[in-house]
file target12.pdb (PDB, C-alpha atoms)
MODEL        1
ATOM      1  CA  MET A   1      86.220  93.562 124.457  1.00  0.00           C
ATOM      2  CA  LEU A   2      85.033  95.953 121.778  1.00  0.00           C
ATOM      3  CA  SER A   3      87.323  97.952 119.490  1.00  0.00           C
ATOM      4  CA  ARG A   4      90.533  95.907 119.672  1.00  0.00           C
ATOM      5  CA  LEU A   5      91.601  97.190 116.260  1.00  0.00           C
ATOM      6  CA  ALA A   6      91.589 100.779 117.413  1.00  0.00           C
ATOM      7  CA  THR A   7      93.360 100.106 120.704  1.00  0.00           C
ATOM      8  CA  LEU A   8      96.441  98.760 118.881  1.00  0.00           C
ATOM      9  CA  LEU A   9      96.942 101.708 116.538  1.00  0.00           C
ATOM     10  CA  ILE A  10     100.275 102.718 118.053  1.00  0.00           C
ATOM     11  CA  VAL A  11     101.969 101.385 114.901  1.00  0.00           C
ATOM     12  CA  LEU A  12      99.866 103.610 112.689  1.00  0.00           C
ATOM     13  CA  VAL A  13     100.188 106.635 114.962  1.00  0.00           C
ATOM     14  CA  GLY A  14     103.978 106.216 114.947  1.00  0.00           C
ATOM     15  CA  CYS A  15     103.988 106.261 111.159  1.00  0.00           C
ATOM     16  CA  VAL A  16     101.815 109.362 111.151  1.00  0.00           C
ATOM     17  CA  ALA A  17     104.138 111.176 113.552  1.00  0.00           C
ATOM     18  CA  ALA A  18     107.076 110.460 111.279  1.00  0.00           C
ATOM     19  CA  MET A  19     105.106 111.623 108.252  1.00  0.00           C
ATOM     20  CA  ALA A  20     104.169 114.856 109.996  1.00  0.00           C
ATOM     21  CA  GLN A  21     107.852 115.681 110.538  1.00  0.00           C
ATOM     22  CA  GLU A  22     108.648 114.943 106.917  1.00  0.00           C
ATOM     23  CA  HIS A  23     105.749 116.796 105.290  1.00  0.00           C
ATOM     24  CA  THR A  24     104.958 119.781 107.511  1.00  0.00           C
ATOM     25  CA  ARG A  25     106.769 122.921 106.405  1.00  0.00           C
ATOM     26  CA  PRO A  26     106.992 126.123 108.470  1.00  0.00           C
ATOM     27  CA  GLY A  27     104.656 128.835 107.226  1.00  0.00           C
ATOM     28  CA  VAL A  28     102.392 126.449 105.301  1.00  0.00           C
ATOM     29  CA  VAL A  29      98.785 126.679 106.376  1.00  0.00           C
ATOM     30  CA  PRO A  30      97.020 123.323 105.940  1.00  0.00           C
ATOM     31  CA  THR A  31      93.966 123.467 103.708  1.00  0.00           C
ATOM     32  CA  PRO A  32      90.715 121.693 104.563  1.00  0.00           C
ATOM     33  CA  ARG A  33      90.468 118.236 103.037  1.00  0.00           C
ATOM     34  CA  PRO A  34      87.392 116.561 101.590  1.00  0.00           C
ATOM     35  CA  THR A  35      85.328 114.033 103.472  1.00  0.00           C
ATOM     36  CA  PRO A  36      85.929 110.332 102.758  1.00  0.00           C
ATOM     37  CA  PHE A  37      86.364 109.394  99.125  1.00  0.00           C
ATOM     38  CA  SER A  38      85.005 112.675  97.818  1.00  0.00           C
ATOM     39  CA  ARG A  39      86.871 115.233  95.749  1.00  0.00           C
ATOM     40  CA  PRO A  40      85.907 118.711  94.599  1.00  0.00           C
ATOM     41  CA  THR A  41      85.112 118.869  90.895  1.00  0.00           C
ATOM     42  CA  PRO A  42      86.534 119.249  88.365  1.00  0.00           C
ATOM     43  CA  VAL A  43      89.303 116.684  88.803  1.00  0.00           C
ATOM     44  CA  PRO A  44      92.442 118.457  87.513  1.00  0.00           C
ATOM     45  CA  THR A  45      94.558 115.443  86.566  1.00  0.00           C
ATOM     46  CA  PRO A  46      93.905 111.860  85.445  1.00  0.00           C
ATOM     47  CA  ALA A  47      94.507 108.920  87.717  1.00  0.00           C
ATOM     48  CA  PRO A  48      98.149 107.841  87.661  1.00  0.00           C
ATOM     49  CA  ASP A  49      99.185 104.526  86.186  1.00  0.00           C
ATOM     50  CA  PRO A  50      98.786 101.830  88.864  1.00  0.00           C
ATOM     51  CA  GLN A  51     102.028 100.201  87.737  1.00  0.00           C
ATOM     52  CA  GLY A  52     104.387  99.810  90.654  1.00  0.00           C
ATOM     53  CA  TRP A  53     101.734  98.885  93.214  1.00  0.00           C
ATOM     54  CA  VAL A  54     101.438  95.258  94.260  1.00  0.00           C
ATOM     55  CA  THR A  55      98.525  93.041  95.175  1.00  0.00           C
ATOM     56  CA  PHE A  56      98.837  91.934  98.774  1.00  0.00           C
ATOM     57  CA  ASN A  57      97.025  88.623  99.291  1.00  0.00           C
ATOM     58  CA  SER A  58      96.396  87.433 102.831  1.00  0.00           C
ATOM     59  CA  GLU A  59      95.245  83.842 103.013  1.00  0.00           C
ATOM     60  CA  PRO A  60      94.702  83.963 106.796  1.00  0.00           C
ATOM     61  CA  GLY A  61      92.883  87.290 106.409  1.00  0.00           C
ATOM     62  CA  GLN A  62      90.908  86.093 103.387  1.00  0.00           C
ATOM     63  CA  PHE A  63      91.352  89.343 101.436  1.00  0.00           C
ATOM     64  CA  SER A  64      93.457  91.037  98.777  1.00  0.00           C
ATOM     65  CA  VAL A  65      94.253  94.725  98.378  1.00  0.00           C
ATOM     66  CA  LEU A  66      96.549  96.921  96.269  1.00  0.00           C
ATOM     67  CA  MET A  67      99.346  98.631  98.210  1.00  0.00           C
ATOM     68  CA  PRO A  68     102.529 100.520  97.248  1.00  0.00           C
ATOM     69  CA  GLU A  69     104.575  97.484  98.382  1.00  0.00           C
ATOM     70  CA  ILE A  70     104.176  94.331 100.444  1.00  0.00           C
ATOM     71  CA  PRO A  71     103.350  95.621 103.938  1.00  0.00           C
ATOM     72  CA  THR A  72     105.134  95.032 107.174  1.00  0.00           C
ATOM     73  CA  ASP A  73     103.047  93.042 109.602  1.00  0.00           C
ATOM     74  CA  LYS A  74     102.452  92.769 113.314  1.00  0.00           C
ATOM     75  CA  GLU A  75     100.464  90.121 115.160  1.00  0.00           C
ATOM     76  CA  GLU A  76      99.506  90.269 118.801  1.00  0.00           C
ATOM     77  CA  THR A  77      97.459  87.927 120.987  1.00  0.00           C
ATOM     78  CA  VAL A  78      96.054  89.242 124.241  1.00  0.00           C
ATOM     79  CA  ASN A  79      94.134  87.485 126.999  1.00  0.00           C
ATOM     80  CA  SER A  80      91.060  89.269 128.300  1.00  0.00           C
ATOM     81  CA  GLU A  81      88.017  88.648 130.467  1.00  0.00           C
ATOM     82  CA  HIS A  82      86.204  87.547 127.292  1.00  0.00           C
ATOM     83  CA  GLY A  83      88.926  85.138 126.209  1.00  0.00           C
ATOM     84  CA  PRO A  84      91.969  85.575 123.970  1.00  0.00           C
ATOM     85  CA  TYR A  85      91.835  87.700 120.827  1.00  0.00           C
ATOM     86  CA  THR A  86      94.431  88.152 118.102  1.00  0.00           C
ATOM     87  CA  THR A  87      95.029  91.335 116.115  1.00  0.00           C
ATOM     88  CA  HIS A  88      96.745  91.225 112.710  1.00  0.00           C
ATOM     89  CA  MET A  89      98.051  94.539 111.324  1.00  0.00           C
ATOM     90  CA  PHE A  90      99.724  95.439 108.017  1.00  0.00           C
ATOM     91  CA  THR A  91     101.225  98.862 107.287  1.00  0.00           C
ATOM     92  CA  VAL A  92     102.893 100.529 104.288  1.00  0.00           C
ATOM     93  CA  ARG A  93     104.220 104.069 104.030  1.00  0.00           C
ATOM     94  CA  SER A  94     104.461 105.736 100.633  1.00  0.00           C
ATOM     95  CA  THR A  95     106.043 109.089  99.858  1.00  0.00           C
ATOM     96  CA  LYS A  96     102.804 110.884 100.805  1.00  0.00           C
ATOM     97  CA  SER A  97     100.536 108.549 102.767  1.00  0.00           C
ATOM     98  CA  VAL A  98     100.350 105.652 105.171  1.00  0.00           C
ATOM     99  CA  PHE A  99      98.121 102.684 104.296  1.00  0.00           C
ATOM    100  CA  PHE A 100      96.918 100.306 106.975  1.00  0.00           C
ATOM    101  CA  ILE A 101      94.719  97.201 107.113  1.00  0.00           C
ATOM    102  CA  ALA A 102      93.997  95.069 110.163  1.00  0.00           C
ATOM    103  CA  TRP A 103      91.567  92.515 111.484  1.00  0.00           C
ATOM    104  CA  VAL A 104      90.755  90.835 114.788  1.00  0.00           C
ATOM    105  CA  ASP A 105      89.968  87.205 115.579  1.00  0.00           C
ATOM    106  CA  TYR A 106      87.906  86.945 118.759  1.00  0.00           C
ATOM    107  CA  ASP A 107      87.448  83.986 121.045  1.00  0.00           C
ATOM    108  CA  PRO A 108      84.584  81.911 119.546  1.00  0.00           C
ATOM    109  CA  ALA A 109      82.679  82.140 122.831  1.00  0.00           C
ATOM    110  CA  PHE A 110      82.705  85.950 122.855  1.00  0.00           C
ATOM    111  CA  LYS A 111      79.362  87.485 121.834  1.00  0.00           C
ATOM    112  CA  PHE A 112      79.174  91.045 120.552  1.00  0.00           C
ATOM    113  CA  ASP A 113      76.862  93.362 118.647  1.00  0.00           C
ATOM    114  CA  PRO A 114      78.292  94.023 115.138  1.00  0.00           C
ATOM    115  CA  THR A 115      76.938  97.577 114.947  1.00  0.00           C
ATOM    116  CA  LEU A 116      78.387  98.509 118.320  1.00  0.00           C
ATOM    117  CA  GLU A 117      81.697  96.919 117.329  1.00  0.00           C
ATOM    118  CA  LEU A 118      81.928  99.085 114.208  1.00  0.00           C
ATOM    119  CA  GLU A 119      81.058 102.246 116.134  1.00  0.00           C
ATOM    120  CA  ALA A 120      83.497 101.442 118.943  1.00  0.00           C
ATOM    121  CA  ASN A 121      86.334 100.986 116.456  1.00  0.00           C
ATOM    122  CA  ARG A 122      85.519 104.349 114.874  1.00  0.00           C
ATOM    123  CA  ASP A 123      85.288 106.143 118.221  1.00  0.00           C
ATOM    124  CA  ASN A 124      88.479 104.631 119.598  1.00  0.00           C
ATOM    125  CA  PHE A 125      90.348 105.397 116.381  1.00  0.00           C
ATOM    126  CA  VAL A 126      89.328 109.074 116.691  1.00  0.00           C
ATOM    127  CA  LYS A 127      90.341 109.097 120.342  1.00  0.00           C
ATOM    128  CA  GLY A 128      93.592 107.211 119.700  1.00  0.00           C
ATOM    129  CA  ILE A 129      94.895 109.806 117.228  1.00  0.00           C
ATOM    130  CA  GLN A 130      93.320 112.717 119.148  1.00  0.00           C
ATOM    131  CA  GLY A 131      91.417 113.674 116.029  1.00  0.00           C
ATOM    132  CA  THR A 132      88.113 115.267 115.075  1.00  0.00           C
ATOM    133  CA  LEU A 133      85.441 113.224 113.322  1.00  0.00           C
ATOM    134  CA  LEU A 134      84.568 114.917 110.013  1.00  0.00           C
ATOM    135  CA  SER A 135      81.928 112.517 108.730  1.00  0.00           C
ATOM    136  CA  SER A 136      80.525 109.057 109.316  1.00  0.00           C
ATOM    137  CA  GLN A 137      78.042 106.916 107.435  1.00  0.00           C
ATOM    138  CA  ASN A 138      76.812 103.335 107.358  1.00  0.00           C
ATOM    139  CA  ILE A 139      77.202 101.667 103.975  1.00  0.00           C
ATOM    140  CA  ARG A 140      77.193  98.171 102.491  1.00  0.00           C
ATOM    141  CA  PHE A 141      80.361  96.876 100.845  1.00  0.00           C
ATOM    142  CA  ASP A 142      79.907  93.657  98.861  1.00  0.00           C
ATOM    143  CA  GLY A 143      77.005  92.877 101.175  1.00  0.00           C
ATOM    144  CA  TYR A 144      79.019  93.469 104.367  1.00  0.00           C
ATOM    145  CA  GLN A 145      78.015  95.918 107.083  1.00  0.00           C
ATOM    146  CA  THR A 146      80.501  98.803 106.864  1.00  0.00           C
ATOM    147  CA  LEU A 147      81.113 102.098 108.627  1.00  0.00           C
ATOM    148  CA  GLU A 148      82.888 104.732 106.536  1.00  0.00           C
ATOM    149  CA  PHE A 149      84.332 107.800 108.205  1.00  0.00           C
ATOM    150  CA  ALA A 150      86.922 110.581 107.998  1.00  0.00           C
ATOM    151  CA  VAL A 151      89.018 112.054 110.801  1.00  0.00           C
ATOM    152  CA  GLU A 152      91.371 115.012 110.890  1.00  0.00           C
ATOM    153  CA  THR A 153      94.236 116.024 113.152  1.00  0.00           C
ATOM    154  CA  PRO A 154      96.066 119.359 112.956  1.00  0.00           C
ATOM    155  CA  SER A 155      98.382 117.903 110.297  1.00  0.00           C
ATOM    156  CA  HIS A 156      96.598 114.932 108.658  1.00  0.00           C
ATOM    157  CA  VAL A 157      93.336 113.590 107.263  1.00  0.00           C
ATOM    158  CA  PHE A 158      92.467 109.913 107.676  1.00  0.00           C
ATOM    159  CA  ARG A 159      89.921 108.106 105.568  1.00  0.00           C
ATOM    160  CA  SER A 160      88.746 104.832 107.009  1.00  0.00           C
ATOM    161  CA  ARG A 161      86.293 102.003 106.748  1.00  0.00           C
ATOM    162  CA  VAL A 162      85.494  99.327 109.309  1.00  0.00           C
ATOM    163  CA  TYR A 163      83.946  96.196 107.787  1.00  0.00           C
ATOM    164  CA  MET A 164      82.198  93.375 109.623  1.00  0.00           C
ATOM    165  CA  VAL A 165      82.873  90.115 107.780  1.00  0.00           C
ATOM    166  CA  GLY A 166      81.363  87.262 109.745  1.00  0.00           C
ATOM    167  CA  ARG A 167      82.828  87.616 113.241  1.00  0.00           C
ATOM    168  CA  ARG A 168      85.841  89.579 112.038  1.00  0.00           C
ATOM    169  CA  PRO A 169      86.056  93.374 112.108  1.00  0.00           C
ATOM    170  CA  TYR A 170      88.466  94.719 109.475  1.00  0.00           C
ATOM    171  CA  LEU A 171      89.881  98.259 109.615  1.00  0.00           C
ATOM    172  CA  LEU A 172      91.161  99.964 106.452  1.00  0.00           C
ATOM    173  CA  VAL A 173      92.875 103.366 106.865  1.00  0.00           C
ATOM    174  CA  ALA A 174      94.688 105.820 104.600  1.00  0.00           C
ATOM    175  CA  GLY A 175      96.337 108.837 106.257  1.00  0.00           C
ATOM    176  CA  THR A 176      97.635 111.807 104.261  1.00  0.00           C
ATOM    177  CA  PRO A 177      99.207 115.122 105.342  1.00  0.00           C
ATOM    178  CA  LYS A 178      96.955 118.117 104.766  1.00  0.00           C
ATOM    179  CA  THR A 179      99.735 119.693 102.726  1.00  0.00           C
ATOM    180  CA  ALA A 180      99.731 116.793 100.231  1.00  0.00           C
ATOM    181  CA  ASP A 181      97.242 115.495  97.663  1.00  0.00           C
ATOM    182  CA  ASP A 182      97.186 111.714  97.358  1.00  0.00           C
ATOM    183  CA  TYR A 183      93.548 111.301  96.326  1.00  0.00           C
ATOM    184  CA  PHE A 184      94.124 108.820  93.507  1.00  0.00           C
ATOM    185  CA  ASN A 185      96.280 106.456  95.554  1.00  0.00           C
ATOM    186  CA  VAL A 186      93.861 106.576  98.493  1.00  0.00           C
ATOM    187  CA  LYS A 187      90.944 105.802  96.187  1.00  0.00           C
ATOM    188  CA  ARG A 188      92.898 103.010  94.485  1.00  0.00           C
ATOM    189  CA  PHE A 189      93.648 101.471  97.880  1.00  0.00           C
ATOM    190  CA  PHE A 190      90.010 101.440  99.015  1.00  0.00           C
ATOM    191  CA  ASP A 191      88.582 100.413  95.633  1.00  0.00           C
ATOM    192  CA  SER A 192      90.942  97.441  95.335  1.00  0.00           C
ATOM    193  CA  LEU A 193      89.903  95.636  98.542  1.00  0.00           C
ATOM    194  CA  LYS A 194      88.338  92.248  97.891  1.00  0.00           C
ATOM    195  CA  PHE A 195      87.149  89.758 100.484  1.00  0.00           C
ATOM    196  CA  LYS A 196      87.242  86.056  99.708  1.00  0.00           C
ATOM    197  CA  SER A 197      84.387  83.758 100.587  1.00  0.00           C
ATOM    198  CA  ARG A 198      84.458  82.739 104.233  1.00  0.00           C
TER     199      ARG A 198
ENDMDL
END

call {"tool": "encode", "arguments": {"input": "target12.pdb", "output": "structure tokens"}}
result
Amino acid sequence: MLSRLATLLIVLVGCVAAMAQEHTRPGVVPTPRPTPFSRPTPVPTPAPDPQGWVTFNSEPGQFSVLMPEIPTDKEETVNSEHGPYTTHMFTVRSTKSVFFIAWVDYDPAFKFDPTLELEANRDNFVKGIQGTLLSSQNIRFDGYQTLEFAVETPSHVFRSRVYMVGRRPYLLVAGTPKTADDYFNVKRFFDSLKFKSR
């Protein structure tokens, strides 16, 4: 029953495939990208004006986050040997990147280990996009147990965090082509996430 966020990433992978066609140019050799949320110094340009992004508030999800526009959503409930679980996914594509947030509601009777849940979501995300794990670290975000990691494919770099908020795992992902630099928007996306009291 672990890692239900990662097993439903076909929506995200489809967006990435479309992005790869749009942004990959013949003869361009992708350059290595930094690990999650890091950037080589010095920073050459200031952060762009955040005007134009919107705050997406999810009352059922009990969070808010800045995104380029109100995301499209997908909800799916699946029955399993551990009871039904429901996955909620929200995706936005910008000119350079794809931004994705999701969470899972498990059957109240299902018992799981939070640390193993975070790790399983990371591992299945890497497997689902056939990527290579660049880095991974355990952090605390507003007091919540969080796993932060970066993954690369031949054409893209994905920065991600999986948060455990009560019994809900949340997955936050930003994927950018290696030929593009969208550092400021990716950072804005991650920095803007706020969980409401549950």

call {"tool": "residues_near_point", "arguments": {"input": "target12.pdb", "point": "(97.7, 87.5, 100.8)", "cutoff": "12 Å", "atoms": "all atoms listed in the file", "output": "number ranges by chain"}}
result
A: 54-67, 70-71, 73, 90, 101, 193-196

call {"tool": "closest_residue", "arguments": {"input": "target12.pdb", "among": "A:His82, A:Arg161, A:His156, A:Lys74", "to": "Phe141 in chain A", "atoms": "all atoms listed in the file"}}
result
A:Arg161

call {"tool": "residues_around", "arguments": {"input": "target12.pdb", "residues": "Ser160 in chain A", "least_positions_apart": "5", "cutoff": "8 Å", "atoms": "only C-alpha atoms", "output": "PyMOL selection string"}}
result
chain A and resi 36+148-150+171-174

call {"tool": "write_last_selection", "arguments": {"input": "target12.pdb", "atoms": "C-alpha atoms", "output": "short mmCIF file (atom, residue, chain, number, x, y, z; two decimals), in the coordinates of the input"}}
result
data_model
loop_
_atom_site.label_atom_id
_atom_site.label_comp_id
_atom_site.auth_asym_id
_atom_site.auth_seq_id
_atom_site.Cartn_x
_atom_site.Cartn_y
_atom_site.Cartn_z
CA PRO A 36 85.93 110.33 102.76
CA GLU A 148 82.89 104.73 106.54
CA PHE A 149 84.33 107.80 108.20
CA ALA A 150 86.92 110.58 108.00
CA LEU A 171 89.88 98.26 109.62
CA LEU A 172 91.16 99.96 106.45
CA VAL A 173 92.88 103.37 106.86
CA ALA A 174 94.69 105.82 104.60
#

call {"tool": "atom_distance", "arguments": {"input": "target12.pdb", "atom1": "CA of Gln145 in chain A", "atom2": "CA of Tyr163 in chain A"}}
result
6.0 Å

call {"tool": "residues_around", "arguments": {"input": "target12.pdb", "residues": "Pro108 in chain A", "least_positions_apart": "6", "cutoff": "12 Å", "atoms": "all atoms listed in the file", "output": "PyMOL selection string"}}
result
chain A and resi 82-86+166-168

call {"tool": "resolve_selection", "arguments": {"input": "target12.pdb", "expression": "the PyMOL selection byres ((chain A and resi 152) around 7)", "output": "ChimeraX atom specification"}}
result
/A:131-134,150-151,153-154,156-158

call {"tool": "residues_around", "arguments": {"input": "target12.pdb", "residues": "range 95-97 of chain A", "least_positions_apart": "6", "cutoff": "7 Å", "atoms": "all atoms listed in the file", "output": "PyMOL selection string"}}
result
chain A and resi 174-176+180+182

call {"tool": "write_last_selection", "arguments": {"input": "target12.pdb", "atoms": "C-alpha atoms", "output": "PDB file, in the coordinates of the input"}}
result
ATOM      1  CA  ALA A 174      94.688 105.820 104.600  1.00  0.00           C
ATOM      2  CA  GLY A 175      96.337 108.837 106.257  1.00  0.00           C
ATOM      3  CA  THR A 176      97.635 111.807 104.261  1.00  0.00           C
ATOM      4  CA  ALA A 180      99.731 116.793 100.231  1.00  0.00           C
ATOM      5  CA  ASP A 182      97.186 111.714  97.358  1.00  0.00           C
TER       6      ASP A 182
END

call {"tool": "atom_distance", "arguments": {"input": "target12.pdb", "atom1": "CA of Pro114 in chain A", "atom2": "CA of Ser135 in chain A"}}
result
19.9 Å

call {"tool": "closest_residue", "arguments": {"input": "target12.pdb", "among": "A:His88, A:Lys127, A:Arg93, A:Arg140", "to": "Asn185 in chain A", "atoms": "all atoms listed in the file"}}
result
A:Arg93

call {"tool": "axis_aligned_box", "arguments": {"input": "target12.pdb", "around": "range 85-98 of chain A", "padding_each_side": "5 Å", "output": "lines of an AutoDock Vina configuration file"}}
result
center_x = 98.9
center_y = 99.3
center_z = 110.3
size_x = 24.2
size_y = 33.2
size_z = 31.0

call {"tool": "closest_residue", "arguments": {"input": "target12.pdb", "among": "A:Thr179, A:Gln130, A:Thr115, A:Asn124", "to": "Val165 in chain A", "atoms": "all atoms listed in the file"}}
result
A:Thr115

call {"tool": "closest_residue", "arguments": {"input": "target12.pdb", "among": "A:Asp142, A:Phe112, A:Ala120, A:Phe189", "to": "Val98 in chain A", "atoms": "all atoms listed in the file"}}
result
A:Phe189

call {"tool": "atom_distance", "arguments": {"input": "target12.pdb", "atom1": "CA of Gly52 in chain A", "atom2": "CA of Ser94 in chain A"}}
result
11.6 Å

call {"tool": "closest_residue", "arguments": {"input": "target12.pdb", "among": "A:Gln137, A:Phe190, A:Val92, A:Ser80", "to": "Leu118 in chain A", "atoms": "all atoms listed in the file"}}
result
A:Gln137
